[in-house]
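Q: Got a file for you: upload_35.pdb, PDB, C-alpha atoms.
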ATOM      1  CA  MET A 146     -15.823 -13.258   9.906
ATOM      2  CA  THR A 147     -18.003 -10.167  10.201
ATOM      3  CA  THR A 148     -16.888  -7.045   8.370
ATOM      4  CA  GLU A 149     -18.373  -3.612   9.022
ATOM      5  CA  SER A 150     -18.007  -0.948   6.321
ATOM      6  CA  MET A 151     -18.001   2.659   7.489
ATOM      7  CA  GLU A 152     -17.281   6.205   6.367
ATOM      8  CA  VAL A 153     -16.324   9.257   8.417
ATOM      9  CA  THR A 154     -15.397  12.857   7.652
ATOM     10  CA  LEU A 155     -12.178  13.633   9.495
ATOM     11  CA  PRO A 156     -10.842  16.920  10.920
ATOM     12  CA  THR A 157      -8.451  16.940   7.955
ATOM     13  CA  GLY A 158     -11.539  17.653   5.815
ATOM     14  CA  ILE A 159     -11.468  14.301   4.014
ATOM     15  CA  ARG A 160     -14.221  11.688   4.073
ATOM     16  CA  ILE A 161     -12.552   8.304   4.518
ATOM     17  CA  GLY A 162     -14.047   4.895   3.816
ATOM     18  CA  PHE A 163     -12.831   1.875   5.758
ATOM     19  CA  ASP A 164     -13.699  -1.658   6.851
ATOM     20  CA  VAL A 165     -13.326  -3.180  10.321
ATOM     21  CA  ALA A 166     -13.068  -6.930  10.870
ATOM     22  CA  GLY A 167     -12.022  -9.181  13.729
ATOM     23  CA  GLY A 168     -11.012  -8.230  17.243
ATOM     24  CA  GLY A 169      -7.935  -7.671  19.376
ATOM     25  CA  ASP A 170      -5.120  -5.184  18.940
ATOM     26  CA  PRO A 171      -5.708  -2.827  15.998
ATOM     27  CA  LEU A 172      -3.955  -3.412  12.669
ATOM     28  CA  VAL A 173      -4.342  -0.717   9.991
ATOM     29  CA  LEU A 174      -3.829  -1.798   6.360
ATOM     30  CA  ILE A 175      -2.876   0.812   3.744
ATOM     31  CA  HIS A 176      -3.038   0.052   0.004
ATOM     32  CA  GLY A 177      -0.861   1.392  -2.790
ATOM     33  CA  THR A 178      -1.219   3.643  -5.825
ATOM     34  CA  GLY A 179      -4.513   3.411  -7.681
ATOM     35  CA  CYS A 180      -5.853   0.650  -5.431
ATOM     36  CA  ASP A 181      -8.332   0.649  -2.572
ATOM     37  CA  ARG A 182      -8.947  -1.411   0.561
ATOM     38  CA  ALA A 183      -9.894  -4.472  -1.552
ATOM     39  CA  PHE A 184      -6.157  -4.882  -2.196
ATOM     40  CA  TRP A 185      -5.957  -6.624   1.197
ATOM     41  CA  ASP A 186      -8.831  -9.077   0.704
ATOM     42  CA  LEU A 187      -6.552 -12.130   0.881
ATOM     43  CA  GLN A 188      -4.961 -10.954   4.123
ATOM     44  CA  VAL A 189      -7.966  -9.655   6.068
ATOM     45  CA  PRO A 190      -9.470 -13.086   6.962
ATOM     46  CA  VAL A 191      -6.056 -14.307   8.165
ATOM     47  CA  TYR A 192      -5.300 -11.223  10.241
ATOM     48  CA  ALA A 193      -8.844 -10.971  11.642
ATOM     49  CA  GLU A 194      -8.309 -14.228  13.516
ATOM     50  CA  GLN A 195      -5.944 -12.350  15.868
ATOM     51  CA  TRP A 196      -6.314  -8.622  15.318
ATOM     52  CA  GLN A 197      -8.906  -5.912  14.767
ATOM     53  CA  VAL A 198      -8.230  -5.223  11.088
ATOM     54  CA  ILE A 199      -8.933  -1.720   9.786
ATOM     55  CA  SER A 200      -8.483  -1.579   6.008
ATOM     56  CA  VAL A 201      -8.616   1.963   4.679
ATOM     57  CA  ASP A 202      -9.287   3.730   1.376
ATOM     58  CA  LEU A 203      -6.721   6.498   1.025
ATOM     59  CA  ARG A 204      -7.904   9.889  -0.174
ATOM     60  CA  GLY A 205      -8.374   9.586  -3.932
ATOM     61  CA  SER A 206      -9.657   6.013  -3.997
ATOM     62  CA  GLY A 207     -12.519   3.709  -3.096
ATOM     63  CA  ARG A 208     -15.194   5.328  -0.939
ATOM     64  CA  SER A 209     -12.925   8.154   0.197
ATOM     65  CA  ASP A 210     -12.987  11.689  -1.171
ATOM     66  CA  VAL A 211     -11.196  12.500  -4.409
ATOM     67  CA  VAL A 212      -9.399  15.846  -4.313
ATOM     68  CA  THR A 213      -9.249  17.118  -7.896
ATOM     69  CA  ASP A 214      -6.030  19.120  -7.473
ATOM     70  CA  VAL A 215      -3.514  16.302  -7.846
ATOM     71  CA  SER A 216      -0.630  18.523  -6.704
ATOM     72  CA  THR A 217      -2.045  18.532  -3.164
ATOM     73  CA  TYR A 218      -1.611  14.796  -2.615
ATOM     74  CA  SER A 219       1.263  13.790  -0.348
ATOM     75  CA  THR A 220       2.211  10.974   1.977
ATOM     76  CA  GLU A 221       2.311  13.519   4.814
ATOM     77  CA  LEU A 222      -1.357  14.462   4.351
ATOM     78  CA  MET A 223      -2.379  10.820   3.974
ATOM     79  CA  ALA A 224      -0.599  10.006   7.239
ATOM     80  CA  ASP A 225      -2.470  12.871   8.900
ATOM     81  CA  ASP A 226      -5.738  11.388   7.588
ATOM     82  CA  LEU A 227      -4.954   8.016   9.139
ATOM     83  CA  ALA A 228      -3.828   9.482  12.449
ATOM     84  CA  ALA A 229      -7.158  11.336  12.593
ATOM     85  CA  LEU A 230      -8.992   8.091  11.819
ATOM     86  CA  ILE A 231      -7.156   6.279  14.630
ATOM     87  CA  ASP A 232      -8.169   9.108  16.972
ATOM     88  CA  HIS A 233     -11.772   8.891  15.775
ATOM     89  CA  LEU A 234     -11.876   5.153  16.420
ATOM     90  CA  GLY A 235      -9.984   5.435  19.703
ATOM     91  CA  VAL A 236      -7.722   2.511  18.838
ATOM     92  CA  GLY A 237      -4.213   3.918  19.061
ATOM     93  CA  PRO A 238      -1.458   2.999  19.091
ATOM     94  CA  ALA A 239      -2.032   0.629  16.178
ATOM     95  CA  HIS A 240       0.069  -1.717  14.122
ATOM     96  CA  VAL A 241       0.313  -0.190  10.638
ATOM     97  CA  SER A 242       1.040  -2.144   7.454
ATOM     98  CA  GLY A 243       1.416  -0.439   4.086
ATOM     99  CA  HIS A 244       2.170  -1.625   0.585
ATOM    100  CA  SER A 245       3.918   0.580  -2.006
ATOM    101  CA  LEU A 246       2.420   4.089  -1.629
ATOM    102  CA  GLY A 247       0.858   2.783   1.586
ATOM    103  CA  SER A 248       4.308   1.894   2.899
ATOM    104  CA  CYS A 249       5.426   5.486   2.353
ATOM    105  CA  VAL A 250       2.364   6.666   4.274
ATOM    106  CA  ALA A 251       3.345   4.261   7.071
ATOM    107  CA  GLN A 252       6.818   5.837   7.150
ATOM    108  CA  GLN A 253       5.176   9.226   7.636
ATOM    109  CA  MET A 254       2.941   7.803  10.356
ATOM    110  CA  ALA A 255       6.015   6.730  12.319
ATOM    111  CA  LEU A 256       7.671  10.116  11.753
ATOM    112  CA  ARG A 257       4.732  12.506  12.187
ATOM    113  CA  HIS A 258       2.527  10.536  14.597
ATOM    114  CA  PRO A 259       4.772   8.127  16.521
ATOM    115  CA  ASP A 260       2.322   7.956  19.423
ATOM    116  CA  HIS A 261      -0.293   6.498  17.042
ATOM    117  CA  VAL A 262       1.794   3.540  15.852
ATOM    118  CA  ARG A 263       2.907   0.418  17.679
ATOM    119  CA  SER A 264       4.740  -1.071  14.701
ATOM    120  CA  ILE A 265       5.076  -0.465  10.972
ATOM    121  CA  GLN A 266       5.367  -2.849   8.042
ATOM    122  CA  LEU A 267       6.820  -1.397   4.844
ATOM    123  CA  HIS A 268       6.110  -3.677   1.878
ATOM    124  CA  ALA A 269       7.573  -2.803  -1.556
ATOM    125  CA  THR A 270       8.793   0.493  -0.177
ATOM    126  CA  TRP A 271      11.136   3.335  -1.088
ATOM    127  CA  GLY A 272      12.608   6.281   0.789
ATOM    128  CA  ARG A 273      12.824   8.714  -2.105
ATOM    129  CA  ALA A 274      11.630   8.626  -5.723
ATOM    130  CA  ASP A 275      14.905   8.890  -7.621
ATOM    131  CA  THR A 276      15.240   9.584 -11.341
ATOM    132  CA  TRP A 277      14.721   5.938 -12.322
ATOM    133  CA  LEU A 278      11.469   5.621 -10.366
ATOM    134  CA  GLN A 279      10.258   9.002 -11.629
ATOM    135  CA  ARG A 280      10.739   7.889 -15.243
ATOM    136  CA  ALA A 281       9.779   4.219 -14.858
ATOM    137  CA  PHE A 282       6.541   3.359 -13.055
ATOM    138  CA  ILE A 283       5.466   6.924 -12.249
ATOM    139  CA  GLY A 284       6.180   8.377 -15.691
ATOM    140  CA  THR A 285       4.899   5.520 -17.836
ATOM    141  CA  THR A 286       1.704   5.199 -15.783
ATOM    142  CA  ARG A 287       0.993   8.918 -15.614
ATOM    143  CA  PHE A 288       1.243   9.405 -19.404
ATOM    144  CA  PRO A 289      -1.753   7.294 -20.582
ATOM    145  CA  LEU A 290      -3.734   8.250 -17.479
ATOM    146  CA  GLU A 291      -3.430  11.963 -18.280
ATOM    147  CA  LEU A 292      -4.668  11.173 -21.809
ATOM    148  CA  GLY A 293      -7.707   9.377 -20.385
ATOM    149  CA  ASP A 294      -6.572   6.076 -21.927
ATOM    150  CA  LEU A 295      -7.650   3.721 -19.163
ATOM    151  CA  GLN A 296      -7.066   0.545 -21.172
ATOM    152  CA  THR A 297      -3.400   1.376 -21.739
ATOM    153  CA  THR A 298      -3.111   2.503 -18.116
ATOM    154  CA  PHE A 299      -4.430  -0.884 -16.946
ATOM    155  CA  LYS A 300      -2.065  -2.807 -19.232
ATOM    156  CA  THR A 301       0.869  -0.672 -18.107
ATOM    157  CA  VAL A 302       0.071  -1.131 -14.421
ATOM    158  CA  MET A 303      -0.294  -4.896 -14.843
ATOM    159  CA  MET A 304       3.134  -5.058 -16.506
ATOM    160  CA  TRP A 305       4.721  -3.259 -13.566
ATOM    161  CA  MET A 306       2.706  -4.956 -10.841
ATOM    162  CA  MET A 307       2.413  -8.639 -11.747
ATOM    163  CA  SER A 308       4.963 -11.352 -12.452
ATOM    164  CA  ALA A 309       5.845 -12.529 -15.956
ATOM    165  CA  ASP A 310       4.506 -15.955 -14.938
ATOM    166  CA  TYR A 311       1.126 -14.487 -14.074
ATOM    167  CA  LEU A 312       0.861 -12.362 -17.226
ATOM    168  CA  GLN A 313       1.687 -15.405 -19.355
ATOM    169  CA  THR A 314      -0.836 -17.746 -17.721
ATOM    170  CA  TRP A 315      -3.352 -15.529 -15.870
ATOM    171  CA  GLN A 316      -3.045 -18.135 -13.123
ATOM    172  CA  PRO A 317      -3.456 -19.055 -10.350
ATOM    173  CA  GLU A 318      -7.142 -18.293 -10.170
ATOM    174  CA  VAL A 319      -6.923 -16.677  -6.740
ATOM    175  CA  VAL A 320      -4.557 -14.050  -8.148
ATOM    176  CA  ALA A 321      -6.714 -13.557 -11.251
ATOM    177  CA  GLY A 322      -9.658 -13.071  -8.896
ATOM    178  CA  MET A 323      -7.815 -10.316  -7.041
ATOM    179  CA  VAL A 324      -6.966  -8.557 -10.324
ATOM    180  CA  ARG A 325     -10.615  -8.704 -11.378
ATOM    181  CA  SER A 326     -12.017  -7.531  -8.053
ATOM    182  CA  CYS A 327      -9.508  -4.726  -7.595
ATOM    183  CA  PHE A 328      -9.037  -3.380 -11.130
ATOM    184  CA  ILE A 329     -11.832  -4.628 -13.390
ATOM    185  CA  ASP A 330     -15.078  -5.206 -11.468
ATOM    186  CA  ASN A 331     -14.451  -2.687  -8.686
ATOM    187  CA  PRO A 332     -17.193  -0.026  -8.862
ATOM    188  CA  HIS A 333     -15.471   2.311  -6.379
ATOM    189  CA  LEU A 334     -11.950   2.665  -7.741
ATOM    190  CA  GLN A 335     -11.099   6.203  -8.810
ATOM    191  CA  ALA A 336      -9.139   5.940 -12.041
ATOM    192  CA  ASN A 337      -8.180   9.488 -12.999
ATOM    193  CA  GLN A 338      -7.682  12.402 -10.585
ATOM    194  CA  GLY A 339      -7.349  10.144  -7.565
ATOM    195  CA  MET A 340      -4.737   7.934  -9.158
ATOM    196  CA  LEU A 341      -2.908  10.934 -10.595
ATOM    197  CA  GLY A 342      -2.865  12.316  -7.062
ATOM    198  CA  HIS A 343      -1.397   9.060  -5.802
ATOM    199  CA  LEU A 344       1.305   9.216  -8.475
ATOM    200  CA  HIS A 345       2.125  12.759  -7.381
ATOM    201  CA  ALA A 346       2.447  11.573  -3.788
ATOM    202  CA  ASP A 347       4.732   8.762  -5.001
ATOM    203  CA  ALA A 348       6.906  11.250  -6.836
ATOM    204  CA  VAL A 349       7.361  13.786  -4.041
ATOM    205  CA  HIS A 350       7.822  11.313  -1.181
ATOM    206  CA  ASP A 351      11.235  11.772   0.439
ATOM    207  CA  CYS A 352      12.019  10.494   3.923
ATOM    208  CA  MET A 353      15.617   9.394   3.402
ATOM    209  CA  THR A 354      17.173  11.810   5.882
ATOM    210  CA  ALA A 355      14.435  11.242   8.467
ATOM    211  CA  LEU A 356      14.302   7.420   8.384
ATOM    212  CA  PRO A 357      17.158   6.991  10.917
ATOM    213  CA  THR A 358      15.012   8.780  13.517
ATOM    214  CA  ILE A 359      12.243   6.155  13.413
ATOM    215  CA  LYS A 360      12.082   4.268  16.705
ATOM    216  CA  THR A 361       9.005   2.170  15.916
ATOM    217  CA  PRO A 362       9.518  -1.604  15.470
ATOM    218  CA  THR A 363       9.732  -2.067  11.696
ATOM    219  CA  LEU A 364       9.492  -4.875   9.153
ATOM    220  CA  VAL A 365      10.603  -4.108   5.585
ATOM    221  CA  THR A 366       9.862  -6.572   2.790
ATOM    222  CA  ALA A 367      10.669  -6.608  -0.917
ATOM    223  CA  GLY A 368      10.124  -8.851  -3.920
ATOM    224  CA  GLU A 369      13.078 -10.335  -5.761
ATOM    225  CA  SER A 370      11.186 -10.045  -9.067
ATOM    226  CA  ASP A 371       9.520  -6.696  -8.362
ATOM    227  CA  VAL A 372      10.238  -4.464 -11.374
ATOM    228  CA  LEU A 373       8.023  -1.624 -10.123
ATOM    229  CA  ILE A 374       9.891  -1.086  -6.846
ATOM    230  CA  PRO A 375      13.084  -3.157  -7.122
ATOM    231  CA  SER A 376      14.358  -4.675  -3.901
ATOM    232  CA  ARG A 377      17.270  -2.209  -3.730
ATOM    233  CA  TYR A 378      14.832   0.462  -2.536
ATOM    234  CA  GLY A 379      13.557  -1.628   0.364
ATOM    235  CA  GLU A 380      17.074  -2.704   1.293
ATOM    236  CA  ALA A 381      18.121   0.951   1.516
ATOM    237  CA  VAL A 382      15.134   1.784   3.735
ATOM    238  CA  ALA A 383      15.825  -1.169   6.044
ATOM    239  CA  GLU A 384      19.460  -0.125   6.406
ATOM    240  CA  LEU A 385      18.441   3.375   7.499
ATOM    241  CA  ILE A 386      15.814   2.453  10.112
ATOM    242  CA  PRO A 387      17.478   1.321  13.343
ATOM    243  CA  GLY A 388      16.716  -2.317  14.166
ATOM    244  CA  ALA A 389      14.468  -2.867  11.136
ATOM    245  CA  ALA A 390      13.893  -6.480  10.091
ATOM    246  CA  PHE A 391      14.132  -7.253   6.373
ATOM    247  CA  HIS A 392      12.630 -10.087   4.340
ATOM    248  CA  LEU A 393      13.186 -10.680   0.624
ATOM    249  CA  PHE A 394      10.482 -12.716  -1.113
ATOM    250  CA  ALA A 395      12.250 -14.900  -3.678
ATOM    251  CA  GLY A 396      11.400 -16.512  -6.982
ATOM    252  CA  SER A 397       9.685 -15.652 -10.238
ATOM    253  CA  ARG A 398       6.376 -14.923  -8.464
ATOM    254  CA  ALA A 399       7.928 -12.375  -6.095
ATOM    255  CA  SER A 400       6.400  -9.504  -8.062
ATOM    256  CA  HIS A 401       5.237  -6.130  -6.795
ATOM    257  CA  ALA A 402       1.994  -7.861  -5.752
ATOM    258  CA  PHE A 403       3.852 -10.467  -3.716
ATOM    259  CA  ASN A 404       1.099 -10.409  -1.090
ATOM    260  CA  TRP A 405      -1.161 -11.900  -3.808
ATOM    261  CA  GLU A 406       1.229 -14.140  -5.692
ATOM    262  CA  LEU A 407       2.988 -15.452  -2.569
ATOM    263  CA  GLU A 408       0.089 -15.111  -0.146
ATOM    264  CA  PRO A 409       0.928 -18.028   2.222
ATOM    265  CA  GLU A 410       4.528 -16.885   2.685
ATOM    266  CA  PHE A 411       3.416 -13.264   3.073
ATOM    267  CA  ALA A 412       0.942 -14.250   5.786
ATOM    268  CA  SER A 413       3.597 -16.277   7.599
ATOM    269  CA  VAL A 414       6.242 -13.552   7.530
ATOM    270  CA  THR A 415       3.927 -10.750   8.618
ATOM    271  CA  THR A 416       2.027 -12.623  11.328
ATOM    272  CA  GLN A 417       5.318 -13.842  12.787
ATOM    273  CA  PHE A 418       6.528 -10.237  13.000
ATOM    274  CA  LEU A 419       3.333  -9.141  14.729
ATOM    275  CA  ASN A 420       3.343 -12.067  17.145
ATOM    276  CA  LEU A 421       6.872 -11.223  18.231
ATOM    277  CA  LEU A 422       5.493  -7.875  19.435
ATOM    278  CA  ALA A 423       2.575  -9.385  21.375
TER     279      ALA A 423
END
Translate the structure described by the file into C-alpha cells.

A:
Amino acid sequence: MTTESMEVTLPTGIRIGFDVAGGGDPLVLIHGTGCDRAFWDLQVPVYAEQWQVISVDLRGSGRSDVVTDVSTYSTELMADDLAALIDHLGVGPAHVSGHSLGSCVAQQMALRHPDHVRSIQLHATWGRADTWLQRAFIGTTRFPLELGDLQTTFKTVMMWMMSADYLQTWQPEVVAGMVRSCFIDNPHLQANQGMLGHLHADAVHDCMTALPTIKTPTLVTAGESDVLIPSRYGEAVAELIPGAAFHLFAGSRASHAFNWELEPEFASVTTQFLNLLA
C-alpha cells in the first residue's frame, strides 16, 4: 500500500494535513478529540483495498493549523474545512466516517454540505453535549489540560478511552502499539490549545433538532462498555436520523476505542455498510 502525505491551505484559511492511500471511491476518515489521522492506522490498510482513503488531521491537531483561540473551534467550521478539502481534491461526493468528535463533524457535513457526502458513519457519537457529558469527559479532561499537566491529562484520557481489560493488562500488543503511536511517540499531536479547542467543539455541538433532516445513508455505532460516550447517545442519534443503521459493539473490550480493541469486528461492520452502497 502506497500512502501519500500532503498539506494544503484551504479557502477557510486553515492549513490541513492529510494522507491518501488506495484507489476507488473516496472515503474520508475523521479522528476524535486530541487525536490525529494516526488514529485510523489499523483501518487504512483494510479500507485501501477497496477505496481511496483520505485520513485527515482536523484543525488543532497533527500537521494542521492550531488556532490559539479555543472558543472559535466548532464542528461546523471543521465540516467546512473538510468540504473545502473535498473540493480541492475533486473527489466529492465522498463516504465520510468519523469517530467521537469526528462523528459530530460528519453530522455537520451531512447537514451543511449534503452534496459532498455519499454516506456517513457516526462512531461513538452524540447529538448534543448534555450536562453529564459536559461534566464527565469534557470537564475532567479540560481541567488538567488547562493547568498544563499533560501526564494527568494522558492518564485521564486513557481512563475514559480504553477498556478496563486493556488498562489492567496493556494488551493486546496491537492496541498498546496504537496508544504509543497516537499519544506517546507522536511528534505531531497538539496537546494544549488544539485539544482545548476540540473540547470546546465537543461541548458546543448540538444537532439534535436538525438530525431528522439528514437524508444521507447513515451507520451509527456505539460501544457497550464505552464510558466516555455511553451507547445511549448513539442510540438517540440513530433514532433521529431517518433510516439509520445501528450497531452496538458488545463485551468488555467495547470501549470508546472499539475500532482498536475490536478491530476485526469494526472492519467487518463498516466495510459491509459501505459495500451495500456500492

Q: Name every residue that the PyMOL selection byres ((chain A and resi 258) around 10) selects in this structure, writing the answer as a list of chain:residue names with chains first and numbers rising.

A: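 This file gives the following for the PyMOL selection byres ((chain A and resi 258) around 10): A:Ala224, A:Asp225, A:Leu227, A:Ala228, A:Ala229, A:Pro238, A:Ala251, A:Gln252, A:Gln253, A:Met254, A:Ala255, A:Leu256, A:Arg257, A:Pro259, A:Asp260, A:His261, A:Val262.
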
Q: Take CA of Leu295 (chain A) and CA of Pro332 (chain A) and report the distance between them in Å, one decimal.

A: 14.5 Å

Q: Between A:Cys327, A:Leu341, A:Ala389, A:Ala269, single out the one closest to Phe184 (chain A), counting only C-alpha atoms.

A: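 Among the listed residues, A:Cys327 lies closest to Phe184 (chain A).
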
Q: Which neighbours of Tyr218 (chain A) fall inside 9 Å, counting only C-alpha atoms, when residues of the same chain fewer than 5 positions from it are skipped, and could you give them as a CSV table (one decimal) with C-alpha atoms, in the frame of the given file?

A:
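Dumped to out39.csv:
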chain,number,residue,atom,x,y,z
A,204,ARG,CA,-7.9,9.9,-0.2
A,205,GLY,CA,-8.4,9.6,-3.9
A,212,VAL,CA,-9.4,15.8,-4.3
A,223,MET,CA,-2.4,10.8,4.0
A,339,GLY,CA,-7.3,10.1,-7.6
A,341,LEU,CA,-2.9,10.9,-10.6
A,342,GLY,CA,-2.9,12.3,-7.1
A,343,HIS,CA,-1.4,9.1,-5.8
A,344,LEU,CA,1.3,9.2,-8.5
A,345,HIS,CA,2.1,12.8,-7.4
A,346,ALA,CA,2.4,11.6,-3.8

Q: Do you know which residues are at most 6 Å from Glu369 (chain A) counting only C-alpha atoms, after dropping those on the same chain fewer than 3 positions away, and could you put them as JSON, numbers by chain?

A: {"A": [394, 395, 399]}

Q: Expand the PyMOL selection byres ((chain A and resi 163-173) around 7) into the explicit residue set it covers here, and present it as a short mmCIF file (atom, residue, chain, number, x, y, z; two decimals) with C-alpha atoms, in the frame of the given file.

A:
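Below is the file expr34.cif, written as the result:
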data_model
loop_
_atom_site.label_atom_id
_atom_site.label_comp_id
_atom_site.auth_asym_id
_atom_site.auth_seq_id
_atom_site.Cartn_x
_atom_site.Cartn_y
_atom_site.Cartn_z
CA MET A 146 -15.82 -13.26 9.91
CA THR A 147 -18.00 -10.17 10.20
CA THR A 148 -16.89 -7.04 8.37
CA GLU A 149 -18.37 -3.61 9.02
CA SER A 150 -18.01 -0.95 6.32
CA MET A 151 -18.00 2.66 7.49
CA GLU A 152 -17.28 6.20 6.37
CA ILE A 161 -12.55 8.30 4.52
CA GLY A 162 -14.05 4.89 3.82
CA LEU A 174 -3.83 -1.80 6.36
CA ILE A 175 -2.88 0.81 3.74
CA ALA A 193 -8.84 -10.97 11.64
CA GLU A 194 -8.31 -14.23 13.52
CA GLN A 195 -5.94 -12.35 15.87
CA TRP A 196 -6.31 -8.62 15.32
CA GLN A 197 -8.91 -5.91 14.77
CA VAL A 198 -8.23 -5.22 11.09
CA ILE A 199 -8.93 -1.72 9.79
CA SER A 200 -8.48 -1.58 6.01
CA VAL A 201 -8.62 1.96 4.68
CA ASP A 202 -9.29 3.73 1.38
CA VAL A 236 -7.72 2.51 18.84
CA ALA A 239 -2.03 0.63 16.18
CA HIS A 240 0.07 -1.72 14.12
CA VAL A 241 0.31 -0.19 10.64
CA SER A 242 1.04 -2.14 7.45
#

Q: Expanded to explicit residues, what is the PyMOL selection byres ((chain A and resi 357) around 7) for this file, as a ChimeraX atom specification?

A: /A:354-356,358-359,385-387

Q: Give me the residues near His333 (chain A) as a list in words, where near means some atom within 9 Å (using all atoms listed in the file) and where sequence neighbours in that chain fewer than 3 positions away do not count.

A: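 Residues meeting the cut-off are Asp181, Ser206, Gly207 and Arg208 of chain A.
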
Q: From the list A:Thr286, A:Ser209, A:Thr415, A:Thr270, which residue is nearest His350 (chain A) when using all atoms listed in the file?

A: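 Closest to His350 (chain A) of all the choices is A:Thr270.
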
Q: Please measure the separation of CA of Gln417 (chain A) and CA of Asp186 (chain A), giving the value in Å to one decimal.

A: 19.2 Å

Q: List every protein, DNA or RNA residue with an atom no more than 12 Å from (-5.3, 1.1, -17.7) in the file's coordinates, counting only C-alpha atoms, and format the result as an NGL selection string.

A: :A and (179 or 285-305 or 328-329 or 335-337 or 340)

Q: Kindly give the distance, in Å, that separates CA of Ser400 (chain A) and CA of Cys352 (chain A), rounded to a single decimal.

A: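 These atoms are spaced 24.0 Å apart.
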
Q: Which residues come within 10 Å of Asp347 (chain A), counting only C-alpha atoms, excluding same-chain residues fewer than 3 positions away, as a PyMOL selection string?

A: chain A and resi 177-178+218-220+245-247+249-250+271+273-274+278-279+282-283+341-344+350-351

Q: Pick out the closest residue to His244 (chain A) from this set: A:Ser397, A:Ser376, A:Asn404, A:Ser413. Count only C-alpha atoms.

A: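 Residue with the minimum atom-to-atom distance to His244 (chain A): A:Asn404.
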
Q: Which of these, A:Met323, A:Val365, A:Val382, A:Ala402, has the shortest distance to Leu187 (chain A) once you count all atoms listed in the file?

A: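 Checking each candidate against Leu187 (chain A), we get A:Met323 as the closest.
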
Q: Which residue out of A:Val372, A:Leu267, A:Ala383, A:Ala183 has the minimum interatomic distance to Met306 (chain A) when only C-alpha atoms are used?

A: A:Val372

Q: Ranking A:Gly284, A:Ser264, A:Leu203, A:Asp330 by minimum distance to Cys180 (chain A) and counting only C-alpha atoms, which one comes first?

A: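 Of A:Gly284, A:Ser264, A:Leu203, A:Asp330, the one nearest Cys180 (chain A) is A:Leu203, counting only C-alpha atoms.
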
Q: Reconstruct region 184-196 of chain A at the level of N, CA and C atoms, and format the result as a short mmCIF file (atom, residue, chain, number, x, y, z; two decimals), keeping the file's coordinate frame.

A:
data_model
loop_
_atom_site.label_atom_id
_atom_site.label_comp_id
_atom_site.auth_asym_id
_atom_site.auth_seq_id
_atom_site.Cartn_x
_atom_site.Cartn_y
_atom_site.Cartn_z
N PHE A 184 -7.50 -4.34 -1.96
CA PHE A 184 -6.16 -4.88 -2.20
C PHE A 184 -5.77 -5.90 -1.13
N TRP A 185 -6.33 -5.78 0.07
CA TRP A 185 -5.96 -6.62 1.20
C TRP A 185 -6.93 -7.78 1.42
N ASP A 186 -7.78 -8.08 0.46
CA ASP A 186 -8.83 -9.08 0.70
C ASP A 186 -8.29 -10.47 1.02
N LEU A 187 -7.12 -10.83 0.54
CA LEU A 187 -6.55 -12.13 0.88
C LEU A 187 -6.01 -12.15 2.30
N GLN A 188 -5.56 -11.00 2.80
CA GLN A 188 -4.96 -10.95 4.12
C GLN A 188 -5.97 -10.74 5.25
N VAL A 189 -7.05 -10.02 4.99
CA VAL A 189 -7.97 -9.65 6.07
C VAL A 189 -8.48 -10.87 6.84
N PRO A 190 -8.97 -11.94 6.18
CA PRO A 190 -9.47 -13.09 6.96
C PRO A 190 -8.40 -13.73 7.84
N VAL A 191 -7.15 -13.73 7.37
CA VAL A 191 -6.06 -14.31 8.16
C VAL A 191 -5.77 -13.43 9.38
N TYR A 192 -5.62 -12.14 9.15
CA TYR A 192 -5.30 -11.22 10.24
C TYR A 192 -6.44 -11.11 11.25
N ALA A 193 -7.68 -11.17 10.76
CA ALA A 193 -8.84 -10.97 11.64
C ALA A 193 -8.99 -12.07 12.68
N GLU A 194 -8.28 -13.18 12.50
CA GLU A 194 -8.31 -14.23 13.52
C GLU A 194 -7.61 -13.79 14.79
N GLN A 195 -6.71 -12.79 14.70
CA GLN A 195 -5.94 -12.35 15.87
C GLN A 195 -6.06 -10.86 16.16
N TRP A 196 -6.35 -10.07 15.14
CA TRP A 196 -6.31 -8.62 15.32
C TRP A 196 -7.61 -7.96 14.83
#
